[in-house]
file final17.json (JSON, C-alpha atoms)
[["chain", "number", "residue", "atom", "x", "y", "z"],
["P", 1, "MET", "CA", 115.72, 108.45, 139.67],
["P", 2, "ARG", "CA", 114.11, 106.07, 137.21],
["P", 3, "LEU", "CA", 116.43, 104.23, 134.85],
["P", 4, "GLU", "CA", 115.27, 103.79, 131.29],
["P", 5, "ASN", "CA", 116.43, 100.95, 129.09],
["P", 6, "LYS", "CA", 117.33, 102.60, 125.79],
["P", 7, "ARG", "CA", 118.48, 99.38, 124.15],
["P", 8, "ARG", "CA", 116.16, 97.86, 121.57],
["P", 9, "LEU", "CA", 114.50, 94.64, 122.74],
["P", 10, "TYR", "CA", 113.78, 92.27, 119.85],
["P", 11, "VAL", "CA", 110.84, 89.90, 120.29],
["P", 12, "ARG", "CA", 110.18, 87.19, 117.72],
["P", 13, "VAL", "CA", 106.66, 85.82, 117.31],
["P", 14, "SER", "CA", 106.02, 82.48, 115.55],
["P", 15, "TRP", "CA", 103.22, 81.75, 113.09],
["P", 16, "ASN", "CA", 101.58, 79.49, 115.67],
["P", 17, "GLU", "CA", 101.72, 82.15, 118.39],
["P", 18, "ILE", "CA", 100.37, 84.90, 116.20],
["P", 19, "HIS", "CA", 97.56, 82.71, 114.86],
["P", 20, "ARG", "CA", 96.54, 81.74, 118.40],
["P", 21, "GLN", "CA", 96.62, 85.40, 119.44],
["P", 22, "MET", "CA", 94.51, 86.49, 116.46],
["P", 23, "ARG", "CA", 91.94, 83.80, 117.21],
["P", 24, "GLU", "CA", 91.79, 84.88, 120.87],
["P", 25, "LEU", "CA", 91.03, 88.44, 119.79],
["P", 26, "ALA", "CA", 88.41, 87.13, 117.35],
["P", 27, "THR", "CA", 86.69, 85.45, 120.31],
["P", 28, "TRP", "CA", 86.52, 88.78, 122.13],
["P", 29, "VAL", "CA", 85.08, 90.53, 119.06],
["P", 30, "HIS", "CA", 82.62, 87.68, 118.52],
["P", 31, "ASP", "CA", 81.36, 88.25, 122.07],
["P", 32, "LEU", "CA", 80.90, 91.96, 121.31],
["P", 33, "ARG", "CA", 78.87, 91.07, 118.23],
["P", 34, "CYS", "CA", 76.75, 88.65, 120.28],
["P", 35, "ASP", "CA", 76.12, 91.51, 122.71],
["P", 36, "GLY", "CA", 74.76, 93.63, 119.85],
["P", 37, "ARG", "CA", 77.73, 95.46, 118.32],
["P", 38, "LYS", "CA", 77.21, 95.35, 114.55],
["P", 39, "ILE", "CA", 80.53, 94.91, 112.78],
["P", 40, "ASP", "CA", 80.30, 94.07, 109.10],
["P", 41, "ILE", "CA", 83.32, 95.91, 107.63],
["P", 42, "LEU", "CA", 86.90, 94.88, 108.33],
["P", 43, "ILE", "CA", 89.78, 97.18, 107.44],
["P", 44, "GLY", "CA", 93.31, 95.83, 107.74],
["P", 45, "VAL", "CA", 96.04, 98.43, 107.97],
["P", 46, "SER", "CA", 98.59, 97.48, 105.35],
["P", 47, "ARG", "CA", 100.75, 95.52, 105.76],
["P", 48, "GLY", "CA", 100.78, 94.10, 109.28],
["P", 49, "GLY", "CA", 97.00, 94.18, 109.60],
["P", 50, "LEU", "CA", 96.41, 92.09, 106.47],
["P", 51, "PRO", "CA", 97.05, 88.62, 107.97],
["P", 52, "PHE", "CA", 95.05, 89.69, 111.02],
["P", 53, "ALA", "CA", 92.11, 90.83, 108.84],
["P", 54, "ALA", "CA", 92.16, 87.51, 106.97],
["P", 55, "VAL", "CA", 92.02, 85.47, 110.19],
["P", 56, "MET", "CA", 89.38, 87.76, 111.74],
["P", 57, "ALA", "CA", 87.20, 87.53, 108.61],
["P", 58, "ARG", "CA", 87.38, 83.75, 108.72],
["P", 59, "GLU", "CA", 86.66, 83.48, 112.44],
["P", 60, "LEU", "CA", 83.71, 85.92, 112.28],
["P", 61, "ASN", "CA", 82.45, 84.51, 108.97],
["P", 62, "ILE", "CA", 82.65, 87.88, 107.22],
["P", 63, "LYS", "CA", 82.94, 87.25, 103.49],
["P", 64, "HIS", "CA", 82.23, 90.70, 102.09],
["P", 65, "ASN", "CA", 83.40, 94.19, 103.02],
["P", 66, "ILE", "CA", 86.99, 93.20, 103.77],
["P", 67, "GLU", "CA", 89.25, 96.09, 102.83],
["P", 68, "THR", "CA", 92.72, 97.46, 103.32],
["P", 69, "ILE", "CA", 94.08, 100.91, 103.81],
["P", 70, "GLY", "CA", 97.70, 101.40, 102.88],
["P", 71, "MET", "CA", 99.39, 103.45, 105.59],
["P", 72, "SER", "CA", 102.90, 103.66, 106.87],
["P", 73, "SER", "CA", 104.92, 105.66, 109.32],
["P", 74, "TYR", "CA", 108.04, 103.48, 109.39],
["P", 75, "ARG", "CA", 111.04, 103.57, 107.10],
["P", 76, "GLY", "CA", 112.96, 100.53, 108.31],
["P", 77, "GLU", "CA", 113.08, 100.93, 112.12],
["P", 78, "SER", "CA", 112.72, 104.72, 111.98],
["P", 79, "GLN", "CA", 109.32, 106.30, 112.41],
["P", 80, "GLY", "CA", 108.15, 109.43, 110.62],
["P", 81, "GLU", "CA", 104.86, 111.00, 109.63],
["P", 82, "VAL", "CA", 101.89, 108.80, 108.73],
["P", 83, "ARG", "CA", 101.29, 108.51, 105.01],
["P", 84, "ILE", "CA", 98.30, 107.01, 103.21],
["P", 85, "HIS", "CA", 99.38, 105.01, 100.15],
["P", 86, "LYS", "CA", 96.07, 103.33, 99.34],
["P", 87, "GLN", "CA", 92.64, 104.75, 100.08],
["P", 88, "ILE", "CA", 89.61, 102.67, 101.03],
["P", 89, "HIS", "CA", 87.40, 101.78, 98.07],
["P", 90, "PRO", "CA", 84.36, 104.07, 97.65],
["P", 91, "ASP", "CA", 81.97, 101.08, 97.61],
["P", 92, "ILE", "CA", 83.14, 100.17, 101.13],
["P", 93, "LEU", "CA", 83.01, 103.78, 102.33],
["P", 94, "ALA", "CA", 79.39, 103.97, 101.15],
["P", 95, "LYS", "CA", 78.50, 101.17, 103.61],
["P", 96, "VAL", "CA", 80.04, 102.86, 106.65],
["P", 97, "VAL", "CA", 77.43, 103.78, 109.28],
["P", 98, "ASN", "CA", 77.60, 106.55, 111.88],
["P", 99, "GLY", "CA", 81.29, 107.41, 111.74],
["P", 100, "GLY", "CA", 82.36, 103.79, 111.42],
["P", 101, "GLN", "CA", 80.23, 102.19, 114.11],
["P", 102, "ASN", "CA", 80.04, 99.05, 111.91],
["P", 103, "VAL", "CA", 83.79, 99.07, 111.13],
["P", 104, "MET", "CA", 86.65, 97.22, 112.76],
["P", 105, "VAL", "CA", 90.18, 98.45, 112.05],
["P", 106, "LEU", "CA", 92.95, 95.88, 112.54],
["P", 107, "ASP", "CA", 96.70, 96.15, 112.84],
["P", 108, "ASP", "CA", 99.36, 93.85, 114.19],
["P", 109, "LEU", "CA", 100.98, 96.44, 116.44],
["P", 110, "VAL", "CA", 100.29, 99.97, 117.61],
["P", 111, "ASP", "CA", 103.50, 101.78, 118.52],
["P", 112, "THR", "CA", 103.01, 105.52, 119.04],
["P", 113, "GLY", "CA", 99.35, 105.41, 118.00],
["P", 114, "ASN", "CA", 99.83, 107.90, 115.15],
["P", 115, "THR", "CA", 98.29, 105.60, 112.53],
["P", 116, "TYR", "CA", 95.16, 104.94, 114.60],
["P", 117, "ARG", "CA", 94.92, 108.66, 115.49],
["P", 118, "GLU", "CA", 94.83, 109.49, 111.78],
["P", 119, "LEU", "CA", 92.24, 106.78, 111.14],
["P", 120, "ARG", "CA", 90.05, 108.00, 114.01],
["P", 121, "LYS", "CA", 89.68, 111.26, 112.07],
["P", 122, "ILE", "CA", 88.02, 109.20, 109.31],
["P", 123, "PHE", "CA", 86.23, 106.59, 111.48],
["P", 124, "PRO", "CA", 85.77, 108.06, 114.97],
["P", 125, "ASN", "CA", 83.31, 105.33, 116.06],
["P", 126, "ALA", "CA", 85.09, 102.27, 114.66],
["P", 127, "LEU", "CA", 86.43, 99.47, 116.84],
["P", 128, "TYR", "CA", 90.25, 99.63, 116.83],
["P", 129, "VAL", "CA", 91.93, 96.29, 117.49],
["P", 130, "ALA", "CA", 95.60, 95.33, 117.65],
["P", 131, "ILE", "CA", 97.44, 92.22, 118.72],
["P", 132, "TYR", "CA", 100.15, 94.27, 120.43],
["P", 133, "SER", "CA", 100.31, 97.83, 121.63],
["P", 134, "LYS", "CA", 103.05, 99.89, 123.19],
["P", 135, "PRO", "CA", 102.48, 102.39, 126.01],
["P", 136, "GLN", "CA", 102.65, 105.48, 123.77],
["P", 137, "GLY", "CA", 99.83, 104.19, 121.57],
["P", 138, "GLU", "CA", 97.73, 102.46, 124.21],
["P", 139, "ASP", "CA", 95.10, 105.23, 124.27],
["P", 140, "THR", "CA", 94.25, 104.68, 120.59],
["P", 141, "VAL", "CA", 93.39, 100.96, 120.88],
["P", 142, "ASP", "CA", 89.98, 99.68, 121.96],
["P", 143, "ILE", "CA", 91.02, 96.03, 122.22],
["P", 144, "ARG", "CA", 94.50, 94.58, 122.33],
["P", 145, "LEU", "CA", 95.83, 91.27, 123.51],
["P", 146, "LEU", "CA", 99.32, 92.13, 124.76],
["P", 147, "GLN", "CA", 101.30, 95.22, 125.62],
["P", 148, "ALA", "CA", 104.91, 95.34, 124.44],
["P", 149, "PRO", "CA", 107.60, 97.56, 125.97],
["P", 150, "GLN", "CA", 108.08, 100.85, 124.12],
["P", 151, "ASN", "CA", 111.71, 99.95, 123.32],
["P", 152, "SER", "CA", 110.76, 96.61, 121.73],
["P", 153, "TRP", "CA", 110.78, 95.64, 118.08],
["P", 154, "VAL", "CA", 108.38, 92.78, 117.42],
["P", 155, "ILE", "CA", 109.52, 90.54, 114.58],
["P", 156, "PHE", "CA", 106.44, 88.98, 113.02],
["P", 157, "PRO", "CA", 106.69, 85.77, 111.00],
["P", 158, "TRP", "CA", 106.05, 87.66, 107.75],
["P", 159, "ASP", "CA", 109.16, 89.77, 108.48],
["P", 160, "ALA", "CA", 111.60, 86.88, 109.08],
["P", 161, "LYS", "CA", 112.84, 83.64, 107.58],
["P", 162, "ASP", "CA", 111.65, 80.44, 109.27],
["P", 163, "GLY", "CA", 113.71, 79.75, 112.35],
["P", 164, "ASP", "CA", 115.73, 82.96, 111.96],
["P", 165, "PRO", "CA", 115.32, 85.44, 114.82],
["P", 166, "ASP", "CA", 116.52, 88.38, 112.70],
["P", 167, "PRO", "CA", 114.31, 90.39, 110.37],
["P", 168, "VAL", "CA", 114.97, 89.78, 106.70],
["P", 169, "ASP", "CA", 114.71, 92.24, 103.81],
["P", 170, "PRO", "CA", 112.00, 91.57, 101.22],
["P", 171, "ILE", "CA", 113.08, 89.70, 98.08],
["P", 172, "SER", "CA", 112.78, 92.97, 96.15],
["P", 173, "GLY", "CA", 115.34, 94.59, 98.48],
["P", 174, "ALA", "CA", 115.37, 96.79, 101.57],
["P", 175, "GLU", "CA", 112.65, 99.39, 101.90],
["P", 176, "THR", "CA", 113.69, 102.89, 100.91],
["P", 177, "ASP", "CA", 110.34, 104.64, 101.24]]
call {"tool": "encode", "arguments": {"input": "final17.json", "output": "structure tokens"}}
result
Amino acid sequence: MRLENKRRLYVRVSWNEIHRQMRELATWVHDLRCDGRKIDILIGVSRGGLPFAAVMARELNIKHNIETIGMSSYRGESQGEVRIHKQIHPDILAKVVNGGQNVMVLDDLVDTGNTYRELRKIFPNALYVAIYSKPQGEDTVDIRLLQAPQNSWVIFPWDAKDGDPDPVDPISGAETD
């Protein structure tokens, strides 16, 4: 009989760690580009993918065609259906080639993979990159740096106060939607 740890494991990541991890992934993508993969559109999944998209754009010297798509499946620590809150701008969509072959989609963490599964319906040939993935979403990620346990909750620096291991509500109050 296999025992399963049902307790939530909280993992805090510092700004320095996350920046180092994003740069490491940028090195891998740079190598892909040197090997001939054309990537000239970056799409950060809002909100966790936005810092990642900014670092990736800098490291790959991409100054145009940086976009966001507003998607969410979490309400606090509870996950529900994936919702799109902000569509990709039509000017960016007009530059997409062959189902997204020139597109890289970035997120900080892939949990169940539902967000990337929805995006693969739009961009089936894009490169899907995440800093962390969990086992349930592993099949949706093309490149990831680290795998986190399924029962973990990664606390990113943009979700916590400096030096505080606990997540903190936004200044505007706790999320309700």
call {"tool": "residues_around", "arguments": {"input": "final17.json", "residues": "P:Leu145", "least_positions_apart": "5", "cutoff": "10 Å", "atoms": "all atoms listed in the file", "output": "list in words"}}
result
Gln21, Met22, Glu24, Leu25, Trp28, Val129, Ala130, Ile131, Tyr132 and Ser133 of chain P
call {"tool": "atom_distance", "arguments": {"input": "final17.json", "atom1": "atom CA of P:His89", "atom2": "atom CA of P:Leu32"}}
result
26.1 Å
call {"tool": "closest_residue", "arguments": {"input": "final17.json", "among": "P:Ile62, P:Ile92, P:Lys134, P:Arg120", "to": "P:Asp108", "atoms": "all atoms listed in the file"}}
result
P:Lys134
call {"tool": "closest_residue", "arguments": {"input": "final17.json", "among": "P:Val141, P:Gln101, P:Leu119, P:Gly113", "to": "P:Gly36", "atoms": "only C-alpha atoms"}}
result
P:Gln101
call {"tool": "closest_residue", "arguments": {"input": "final17.json", "among": "P:Met56, P:Val45, P:Ile122, P:Leu50", "to": "P:Gly70", "atoms": "all atoms listed in the file"}}
result
P:Val45
call {"tool": "closest_residue", "arguments": {"input": "final17.json", "among": "P:Lys161, P:Ile155, P:Gly137, P:Ala57", "to": "P:Val11", "atoms": "only C-alpha atoms"}}
result
P:Ile155
call {"tool": "atom_distance", "arguments": {"input": "final17.json", "atom1": "atom CA of P:Asp139", "atom2": "atom CA of P:Leu109"}}
result
13.2 Å
call {"tool": "residues_around", "arguments": {"input": "final17.json", "residues": "P:Thr115", "least_positions_apart": "5", "cutoff": "10 Å", "atoms": "only C-alpha atoms", "output": "list in words"}}
result
Val45, Met71, Ser72, Ser73, Glu81, Val82, Arg83, Ile84, Asp107, Val110, Arg120, Gly137 and Thr140 of chain P
call {"tool": "write_last_selection", "arguments": {"input": "final17.json", "atoms": "C-alpha atoms", "output": "short mmCIF file (atom, residue, chain, number, x, y, z; two decimals), keeping the file's coordinate frame"}}
result
data_model
loop_
_atom_site.label_atom_id
_atom_site.label_comp_id
_atom_site.auth_asym_id
_atom_site.auth_seq_id
_atom_site.Cartn_x
_atom_site.Cartn_y
_atom_site.Cartn_z
CA VAL P 45 96.04 98.43 107.97
CA MET P 71 99.39 103.45 105.59
CA SER P 72 102.90 103.66 106.87
CA SER P 73 104.92 105.66 109.32
CA GLU P 81 104.86 111.00 109.63
CA VAL P 82 101.89 108.80 108.73
CA ARG P 83 101.29 108.51 105.01
CA ILE P 84 98.30 107.01 103.21
CA ASP P 107 96.70 96.15 112.84
CA VAL P 110 100.29 99.97 117.61
CA ARG P 120 90.05 108.00 114.01
CA GLY P 137 99.83 104.19 121.57
CA THR P 140 94.25 104.68 120.59
#
call {"tool": "atom_distance", "arguments": {"input": "final17.json", "atom1": "atom CA of P:Asn16", "atom2": "atom CA of P:Arg33"}}
result
25.6 Å
call {"tool": "closest_residue", "arguments": {"input": "final17.json", "among": "P:Ile18, P:Asp111, P:Ala126, P:Ile69", "to": "P:Ala148", "atoms": "all atoms listed in the file"}}
result
P:Asp111
call {"tool": "residues_around", "arguments": {"input": "final17.json", "residues": "P:Leu60", "least_positions_apart": "4", "cutoff": "9 Å", "atoms": "all atoms listed in the file", "output": "ChimeraX atom specification"}}
result
/P:26-27,29-30,55-56
call {"tool": "write_last_selection", "arguments": {"input": "final17.json", "atoms": "C-alpha atoms", "output": "mmCIF file, keeping the file's coordinate frame"}}
result
data_model
loop_
_atom_site.group_PDB
_atom_site.id
_atom_site.type_symbol
_atom_site.label_atom_id
_atom_site.label_comp_id
_atom_site.auth_asym_id
_atom_site.auth_seq_id
_atom_site.Cartn_x
_atom_site.Cartn_y
_atom_site.Cartn_z
ATOM 1 C CA ALA P 26 88.410 87.130 117.350
ATOM 2 C CA THR P 27 86.690 85.450 120.310
ATOM 3 C CA VAL P 29 85.080 90.530 119.060
ATOM 4 C CA HIS P 30 82.620 87.680 118.520
ATOM 5 C CA VAL P 55 92.020 85.470 110.190
ATOM 6 C CA MET P 56 89.380 87.760 111.740
#
call {"tool": "closest_residue", "arguments": {"input": "final17.json", "among": "P:Pro124, P:Gly44, P:Pro135, P:Gly99", "to": "P:Gln87", "atoms": "only C-alpha atoms"}}
result
P:Gly44
